[in-house]
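Data first, discussion second: the structure below is written as structure tokens.
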Amino acid sequence: MVDLTVENGIGYLTLNRPEVLNALDLASVRQLTAHLTALRDRTDVRVVVTRGKGRAFCAGSDLKELAPLSPADAAEAEREQADACALFDALPQPTIAMLHGYVLGGGIFLALYHDIRIASASARFGMPEVELGWTPPWGMGRLVDAVGGTNVRWLTLACVRVSGAEAKELGLVNEVAPDEHLSERVDELARKLAAFPPAGLSHTKALLNRMSPLRSAAWDAAASEAFEACYAADEARANIAAFLCRRKT
């Protein structure tokens, strides 16, 4: 579900659930946690790249798994997802998110926990939570940090979808590459970073993380409470059922 391969000092984390656009379920989140915990102590890995297999980077949380859960259990599952992504900060290695296809909801937040984000021109970014009847359950501080308050309102309240180029204009990604050259560009940058002295990279990354107050756990705690309250509403459950029904057709 989440594969780890190492080539020439670069660790590649590959989300491998292409049949559901790499949506995150608890099993894949726990596998991601295990890989990130192991990577923290691997001196042979100088850079970490996260990518998705198939047509998407990540379509967010697996709604089929969330649907039968109680509001408290659904909120706990989302907190576990947030805790897994927070481990990217604990890595001494710089991290790069390679973004293509659909990057939705929790997929955007997963990308935001990376130091550098490179998207394909045809990538599609969106925050569908409000449209489905709840609030983003974590990562909102990261989103504000990246794109600013005005653009956060545009993305979350209006539930707009934006292209790779528009995502760069908003500050959601650092660079956009032609679809056919995305992997090549990410590998080129990863090799460049892997050649730098690791001490400079790790200490600079740690310093930058300390300078981002909007990334505090208090933001995620507040978001989790709001998500649980929304998820308890009948309308939210009806919207999940309707979404899953549409996906089957």
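Following the order of the structure tokens, first chain is A, next is B, and so on, with residues numbered from 1 inside each chain and ligands from 1 in the order they appear.
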
Could I get the residues of region 137-248 of chain A with an atom no further than 12 Å from an atom of region 96-110 of chain A, each paired with its nearest atom pair and that distance in Å to one decimal, using only C-alpha atoms, sorted by chain and residue number, as CSV?
```
residue,atom,partner,partner_atom,distance
A:Pro137,CA,A:Gly106,CA,8.6
A:Trp138,CA,A:Phe109,CA,7.8
A:Gly139,CA,A:Phe109,CA,5.6
A:Met140,CA,A:Phe109,CA,7.9
A:Gly141,CA,A:Phe109,CA,9.8
A:Arg142,CA,A:Phe109,CA,7.4
A:Leu143,CA,A:Phe109,CA,7.4
A:Val144,CA,A:Phe109,CA,11.1
A:Asp145,CA,A:Phe109,CA,11.7
A:Ala146,CA,A:Phe109,CA,10.7
A:Leu155,CA,A:Gly105,CA,10.3
A:Thr156,CA,A:Gly105,CA,9.4
A:Cys159,CA,A:Gly105,CA,10.0
A:Val160,CA,A:Leu104,CA,10.8
A:Arg161,CA,A:Leu104,CA,8.9
A:Val162,CA,A:Val103,CA,9.9
A:Ser163,CA,A:Gly101,CA,9.7
A:Gly164,CA,A:His100,CA,8.5
A:Ala167,CA,A:Ile108,CA,10.7
A:Lys168,CA,A:Leu99,CA,11.9
A:Leu172,CA,A:Ile108,CA,8.6
A:Val173,CA,A:Leu99,CA,9.0
A:Asn174,CA,A:Ala97,CA,10.2
A:Glu175,CA,A:Met98,CA,10.2
A:Val176,CA,A:Leu99,CA,9.3
A:Ala177,CA,A:Leu99,CA,9.9
A:Pro178,CA,A:His100,CA,10.4
A:Asp179,CA,A:His100,CA,7.9
A:Glu180,CA,A:His100,CA,10.7
A:His181,CA,A:His100,CA,11.3
A:Leu182,CA,A:Met98,CA,7.5
A:Ser183,CA,A:Met98,CA,7.5
A:Glu184,CA,A:Met98,CA,10.5
A:Arg185,CA,A:Met98,CA,9.4
A:Val186,CA,A:Met98,CA,6.7
A:Asp187,CA,A:Met98,CA,9.6
A:Glu188,CA,A:Ile96,CA,11.5
A:Leu189,CA,A:Ile96,CA,8.8
A:Ala190,CA,A:Ile96,CA,7.6
A:Arg191,CA,A:Ile96,CA,11.4
A:Leu193,CA,A:Ile96,CA,10.2
A:Ala194,CA,A:Ile96,CA,11.7
A:Arg215,CA,A:Phe109,CA,11.6
A:Asp220,CA,A:Phe109,CA,11.5
```

Legend entry - Cys245 (chain A) surroundings by only C-alpha atoms, 12 Å radius, close-in-sequence under 5 positions cut, as a list in words: Leu63, Lys64, Ala67, Ala238, Asn239 and Ile240 of chain A

Since we have the selection now, will you write its residues out, keeping C-alpha atoms, as a PDB file, in the first residue's frame?
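New file result.pdb:
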```
ATOM      1  CA  LEU A  63     -14.383   7.460   2.531  1.00  0.00           C
ATOM      2  CA  LYS A  64     -15.421   3.822   2.176  1.00  0.00           C
ATOM      3  CA  ALA A  67     -18.403   5.666   6.280  1.00  0.00           C
ATOM      4  CA  ALA A 238     -25.795  10.970   3.575  1.00  0.00           C
ATOM      5  CA  ASN A 239     -23.229  12.803   1.472  1.00  0.00           C
ATOM      6  CA  ILE A 240     -20.662  10.036   2.012  1.00  0.00           C
TER       7      ILE A 240
END
```

Inset, instruction - Run DSSP on the backbone of this structure and report the residues of region 7-225 of chain A it assigns to strand (DSSP E), as a count of residues only. - result: 38

Inset, instruction - Have a look at CA of Thr14 (chain A) and CA of Asp83 (chain A) and let me know their distance in Å, one decimal. - result: 18.6 Å

Inset, instruction - In Å, rounded to a single decimal, give me how far CA of Pro197 (chain A) is from CA of Gly9 (chain A). - result: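 Going from CA of Gly9 (chain A) over to CA of Pro197 (chain A), I get 12.7 Å.
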
Legend entry - Nearest candidate to Met127 (chain A) (options A:Ala82, A:Ala59, A:Ala222, A:Leu32; using only C-alpha atoms):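 Smallest separation from Met127 (chain A) among the options: A:Ala59.
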
Inset, instruction - Run DSSP on the backbone and give me the residues of region 116-173 of chain A it puts in alpha helix (DSSP H), as a list of chain:residue names. - result: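 Of region 116-173 of chain A, the ones in alpha helix (DSSP H) are A:Glu129, A:Val130, A:Glu131, A:Leu132, A:Met140, A:Gly141, A:Arg142, A:Leu143, A:Val144, A:Asp145, A:Ala146, A:Val147, A:Gly149, A:Thr150, A:Asn151, A:Val152, A:Arg153, A:Trp154, A:Leu155, A:Thr156, A:Leu157, A:Gly164, A:Ala165, A:Glu166, A:Ala167, A:Lys168, A:Glu169, A:Leu170.
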
Let me see the file: selected residues, N, CA and C atoms, as a PDB file, in the first residue's frame.
```
ATOM      1  N   GLU A 129     -14.054  18.982   1.247  1.00  0.00           N
ATOM      2  CA  GLU A 129     -14.665  18.656   2.535  1.00  0.00           C
ATOM      3  C   GLU A 129     -15.969  19.411   2.794  1.00  0.00           C
ATOM      4  N   VAL A 130     -15.963  20.720   2.595  1.00  0.00           N
ATOM      5  CA  VAL A 130     -17.157  21.514   2.897  1.00  0.00           C
ATOM      6  C   VAL A 130     -18.328  21.081   2.026  1.00  0.00           C
ATOM      7  N   GLU A 131     -18.045  20.777   0.784  1.00  0.00           N
ATOM      8  CA  GLU A 131     -19.087  20.315  -0.139  1.00  0.00           C
ATOM      9  C   GLU A 131     -19.723  19.014   0.342  1.00  0.00           C
ATOM     10  N   LEU A 132     -18.941  18.196   1.027  1.00  0.00           N
ATOM     11  CA  LEU A 132     -19.441  16.923   1.544  1.00  0.00           C
ATOM     12  C   LEU A 132     -20.084  17.066   2.920  1.00  0.00           C
ATOM     13  N   MET A 140      -4.845  22.490   8.538  1.00  0.00           N
ATOM     14  CA  MET A 140      -5.264  23.819   8.082  1.00  0.00           C
ATOM     15  C   MET A 140      -4.185  24.875   8.323  1.00  0.00           C
ATOM     16  N   GLY A 141      -3.450  24.734   9.427  1.00  0.00           N
ATOM     17  CA  GLY A 141      -2.364  25.675   9.675  1.00  0.00           C
ATOM     18  C   GLY A 141      -1.324  25.636   8.574  1.00  0.00           C
ATOM     19  N   ARG A 142      -1.048  24.435   8.085  1.00  0.00           N
ATOM     20  CA  ARG A 142      -0.110  24.290   6.972  1.00  0.00           C
ATOM     21  C   ARG A 142      -0.616  25.010   5.725  1.00  0.00           C
ATOM     22  N   LEU A 143      -1.907  24.875   5.488  1.00  0.00           N
ATOM     23  CA  LEU A 143      -2.483  25.485   4.293  1.00  0.00           C
ATOM     24  C   LEU A 143      -2.422  27.003   4.381  1.00  0.00           C
ATOM     25  N   VAL A 144      -2.746  27.553   5.541  1.00  0.00           N
ATOM     26  CA  VAL A 144      -2.633  29.002   5.734  1.00  0.00           C
ATOM     27  C   VAL A 144      -1.187  29.438   5.560  1.00  0.00           C
ATOM     28  N   ASP A 145      -0.265  28.661   6.129  1.00  0.00           N
ATOM     29  CA  ASP A 145       1.157  28.950   6.031  1.00  0.00           C
ATOM     30  C   ASP A 145       1.604  29.031   4.572  1.00  0.00           C
ATOM     31  N   ALA A 146       1.054  28.147   3.744  1.00  0.00           N
ATOM     32  CA  ALA A 146       1.483  28.056   2.350  1.00  0.00           C
ATOM     33  C   ALA A 146       0.837  29.099   1.454  1.00  0.00           C
ATOM     34  N   VAL A 147      -0.469  29.313   1.596  1.00  0.00           N
ATOM     35  CA  VAL A 147      -1.178  30.134   0.602  1.00  0.00           C
ATOM     36  C   VAL A 147      -1.799  31.406   1.163  1.00  0.00           C
ATOM     37  N   GLY A 149      -4.421  33.443   4.246  1.00  0.00           N
ATOM     38  CA  GLY A 149      -5.814  33.326   4.675  1.00  0.00           C
ATOM     39  C   GLY A 149      -6.835  33.526   3.577  1.00  0.00           C
ATOM     40  N   THR A 150      -6.605  34.497   2.698  1.00  0.00           N
ATOM     41  CA  THR A 150      -7.569  34.765   1.630  1.00  0.00           C
ATOM     42  C   THR A 150      -7.703  33.581   0.692  1.00  0.00           C
ATOM     43  N   ASN A 151      -6.592  32.997   0.307  1.00  0.00           N
ATOM     44  CA  ASN A 151      -6.632  31.860  -0.607  1.00  0.00           C
ATOM     45  C   ASN A 151      -7.152  30.599   0.068  1.00  0.00           C
ATOM     46  N   VAL A 152      -6.929  30.450   1.374  1.00  0.00           N
ATOM     47  CA  VAL A 152      -7.499  29.312   2.095  1.00  0.00           C
ATOM     48  C   VAL A 152      -9.019  29.366   2.034  1.00  0.00           C
ATOM     49  N   ARG A 153      -9.583  30.539   2.222  1.00  0.00           N
ATOM     50  CA  ARG A 153     -11.045  30.675   2.151  1.00  0.00           C
ATOM     51  C   ARG A 153     -11.554  30.301   0.762  1.00  0.00           C
ATOM     52  N   TRP A 154     -10.833  30.706  -0.257  1.00  0.00           N
ATOM     53  CA  TRP A 154     -11.211  30.403  -1.641  1.00  0.00           C
ATOM     54  C   TRP A 154     -11.179  28.899  -1.890  1.00  0.00           C
ATOM     55  N   LEU A 155     -10.135  28.246  -1.418  1.00  0.00           N
ATOM     56  CA  LEU A 155      -9.992  26.810  -1.659  1.00  0.00           C
ATOM     57  C   LEU A 155     -10.979  25.985  -0.845  1.00  0.00           C
ATOM     58  N   THR A 156     -11.188  26.348   0.426  1.00  0.00           N
ATOM     59  CA  THR A 156     -11.990  25.502   1.308  1.00  0.00           C
ATOM     60  C   THR A 156     -13.480  25.820   1.266  1.00  0.00           C
ATOM     61  N   LEU A 157     -13.845  27.095   1.251  1.00  0.00           N
ATOM     62  CA  LEU A 157     -15.265  27.457   1.290  1.00  0.00           C
ATOM     63  C   LEU A 157     -15.925  27.333  -0.078  1.00  0.00           C
ATOM     64  N   GLY A 164      -2.183  22.756 -11.882  1.00  0.00           N
ATOM     65  CA  GLY A 164      -0.822  22.870 -11.366  1.00  0.00           C
ATOM     66  C   GLY A 164      -0.327  24.301 -11.419  1.00  0.00           C
ATOM     67  N   ALA A 165      -0.570  24.983 -12.549  1.00  0.00           N
ATOM     68  CA  ALA A 165      -0.120  26.372 -12.689  1.00  0.00           C
ATOM     69  C   ALA A 165      -0.808  27.272 -11.688  1.00  0.00           C
ATOM     70  N   GLU A 166      -2.109  27.075 -11.485  1.00  0.00           N
ATOM     71  CA  GLU A 166      -2.845  27.884 -10.510  1.00  0.00           C
ATOM     72  C   GLU A 166      -2.371  27.585  -9.094  1.00  0.00           C
ATOM     73  N   ALA A 167      -2.044  26.327  -8.816  1.00  0.00           N
ATOM     74  CA  ALA A 167      -1.536  25.964  -7.494  1.00  0.00           C
ATOM     75  C   ALA A 167      -0.213  26.667  -7.210  1.00  0.00           C
ATOM     76  N   LYS A 168       0.618  26.800  -8.229  1.00  0.00           N
ATOM     77  CA  LYS A 168       1.882  27.512  -8.048  1.00  0.00           C
ATOM     78  C   LYS A 168       1.627  28.991  -7.784  1.00  0.00           C
ATOM     79  N   GLU A 169       0.682  29.564  -8.496  1.00  0.00           N
ATOM     80  CA  GLU A 169       0.362  30.978  -8.296  1.00  0.00           C
ATOM     81  C   GLU A 169      -0.151  31.224  -6.880  1.00  0.00           C
ATOM     82  N   LEU A 170      -0.889  30.267  -6.333  1.00  0.00           N
ATOM     83  CA  LEU A 170      -1.413  30.395  -4.977  1.00  0.00           C
ATOM     84  C   LEU A 170      -0.336  30.180  -3.913  1.00  0.00           C
TER      85      LEU A 170
END
```

Legend entry - One-decimal distance in Å that lies between CA of Leu87 (chain A) and CA of Tyr113 (chain A): 8.6 Å

Legend entry - Within 10 Å of Thr37 (chain A) using only C-alpha atoms, minus same-chain residues under 4 positions, as a PyMOL selection string: chain A and resi 31-33+41-42+84+87-88+90-91

Output all heavy atoms for every residue in the selection just made, as a short mmCIF file (atom, residue, chain, number, x, y, z; two decimals), in the first residue's frame.
```cif
data_model
loop_
_atom_site.label_atom_id
_atom_site.label_comp_id
_atom_site.auth_asym_id
_atom_site.auth_seq_id
_atom_site.Cartn_x
_atom_site.Cartn_y
_atom_site.Cartn_z
N GLN A 31 1.40 1.91 7.55
CA GLN A 31 2.59 1.53 6.79
C GLN A 31 3.47 2.75 6.53
O GLN A 31 4.70 2.67 6.61
CB GLN A 31 2.17 0.88 5.48
CG GLN A 31 3.26 0.05 4.84
CD GLN A 31 2.72 -0.88 3.77
OE1 GLN A 31 1.74 -0.58 3.09
NE2 GLN A 31 3.36 -2.03 3.61
N LEU A 32 2.82 3.88 6.22
CA LEU A 32 3.58 5.12 6.04
C LEU A 32 4.31 5.49 7.32
O LEU A 32 5.49 5.88 7.29
CB LEU A 32 2.62 6.24 5.63
CG LEU A 32 3.24 7.64 5.44
CD1 LEU A 32 4.27 7.63 4.31
CD2 LEU A 32 2.15 8.68 5.16
N THR A 33 3.64 5.36 8.46
CA THR A 33 4.26 5.64 9.75
C THR A 33 5.49 4.78 9.97
O THR A 33 6.54 5.27 10.41
CB THR A 33 3.24 5.41 10.89
OG1 THR A 33 2.16 6.33 10.76
CG2 THR A 33 3.89 5.59 12.25
N ASP A 41 16.35 7.17 10.80
CA ASP A 41 17.66 6.71 11.26
C ASP A 41 18.52 6.14 10.14
O ASP A 41 19.58 5.59 10.40
CB ASP A 41 17.47 5.63 12.34
CG ASP A 41 16.75 6.16 13.56
OD1 ASP A 41 17.04 7.32 13.95
OD2 ASP A 41 15.89 5.45 14.11
N ARG A 42 18.10 6.29 8.89
CA ARG A 42 18.86 5.73 7.77
C ARG A 42 19.82 6.77 7.20
O ARG A 42 19.42 7.71 6.52
CB ARG A 42 17.91 5.21 6.69
CG ARG A 42 17.20 3.94 7.08
CD ARG A 42 16.53 3.27 5.92
NE ARG A 42 17.44 2.88 4.85
CZ ARG A 42 17.12 2.04 3.87
NH1 ARG A 42 15.91 1.47 3.87
NH2 ARG A 42 17.99 1.75 2.93
N ALA A 84 0.88 10.68 11.38
CA ALA A 84 1.79 10.07 10.41
C ALA A 84 2.48 11.13 9.58
O ALA A 84 3.70 11.12 9.38
CB ALA A 84 1.04 9.08 9.52
N LEU A 87 5.37 13.13 10.95
CA LEU A 87 6.68 12.49 10.99
C LEU A 87 7.60 12.98 9.87
O LEU A 87 8.82 12.83 9.96
CB LEU A 87 6.53 10.97 10.89
CG LEU A 87 5.86 10.29 12.10
CD1 LEU A 87 5.63 8.81 11.83
CD2 LEU A 87 6.71 10.46 13.36
N PHE A 88 7.04 13.56 8.82
CA PHE A 88 7.89 14.14 7.79
C PHE A 88 8.76 15.26 8.38
O PHE A 88 9.89 15.47 7.94
CB PHE A 88 7.05 14.68 6.63
CG PHE A 88 6.58 13.63 5.67
CD1 PHE A 88 5.30 13.11 5.76
CD2 PHE A 88 7.42 13.13 4.69
CE1 PHE A 88 4.86 12.14 4.88
CE2 PHE A 88 7.00 12.15 3.80
CZ PHE A 88 5.71 11.65 3.90
N ALA A 90 9.98 15.27 11.34
CA ALA A 90 11.02 14.68 12.17
C ALA A 90 12.15 14.09 11.34
O ALA A 90 13.21 13.77 11.90
CB ALA A 90 10.40 13.60 13.06
N LEU A 91 11.94 13.94 10.05
CA LEU A 91 13.01 13.41 9.21
C LEU A 91 14.14 14.43 9.09
O LEU A 91 13.89 15.61 8.82
CB LEU A 91 12.50 13.09 7.81
CG LEU A 91 11.50 11.94 7.65
CD1 LEU A 91 11.11 11.80 6.19
CD2 LEU A 91 12.09 10.64 8.18
#
```

Inset, instruction - Write out as a list in words each polymer residue whose atoms come within 12 Å of Leu208 (chain A), counting only C-alpha atoms; drop sequence neighbours fewer than 6 positions from it. - result: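 Residues meeting the cut-off are Asp89, Pro94, Asp115, Leu201, Ser202 and Arg215 of chain A.
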
Write out the residues from the selection above, keeping N, CA, C and O atoms, as a JSON list (two decimals), in the first residue's frame.
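So the final result, stored in out25.json, reads:
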```
[["chain", "number", "residue", "atom", "x", "y", "z"],
["A", 89, "ASP", "N", 8.22, 15.99, 9.34],
["A", 89, "ASP", "CA", 9.00, 17.05, 9.99],
["A", 89, "ASP", "C", 10.17, 16.48, 10.78],
["A", 89, "ASP", "O", 11.21, 17.12, 10.91],
["A", 94, "PRO", "N", 15.68, 16.24, 3.65],
["A", 94, "PRO", "CA", 14.68, 17.05, 2.95],
["A", 94, "PRO", "C", 13.71, 16.14, 2.21],
["A", 94, "PRO", "O", 14.07, 15.03, 1.79],
["A", 115, "ASP", "N", 8.89, 19.36, 2.34],
["A", 115, "ASP", "CA", 9.65, 20.61, 2.25],
["A", 115, "ASP", "C", 9.51, 21.27, 0.89],
["A", 115, "ASP", "O", 9.47, 22.50, 0.80],
["A", 201, "LEU", "N", 21.63, 20.62, 5.54],
["A", 201, "LEU", "CA", 20.23, 20.40, 5.18],
["A", 201, "LEU", "C", 19.38, 20.14, 6.42],
["A", 201, "LEU", "O", 18.32, 20.75, 6.61],
["A", 202, "SER", "N", 19.83, 19.23, 7.27],
["A", 202, "SER", "CA", 19.00, 18.83, 8.42],
["A", 202, "SER", "C", 18.83, 19.96, 9.42],
["A", 202, "SER", "O", 17.73, 20.18, 9.94],
["A", 215, "ARG", "N", 1.98, 25.85, 12.33],
["A", 215, "ARG", "CA", 2.02, 24.40, 12.25],
["A", 215, "ARG", "C", 1.79, 23.75, 13.60],
["A", 215, "ARG", "O", 2.05, 22.57, 13.77]]
```

Legend entry - Using only C-alpha atoms: which of A:Ser212, A:Pro128, A:Thr135, A:Ala23 has the shortest distance to Leu66 (chain A): A:Ala23

Inset, instruction - Name all residues at most 9 Å from Leu39 (chain A) (count only C-alpha atoms; drop same-chain ones fewer than 3 positions away) and give them as a list in words. - result: Gly11, Ala34, His35, Leu36, Arg42, Thr43, Val45, Val48, Leu91, Pro92 and Gln93 of chain A
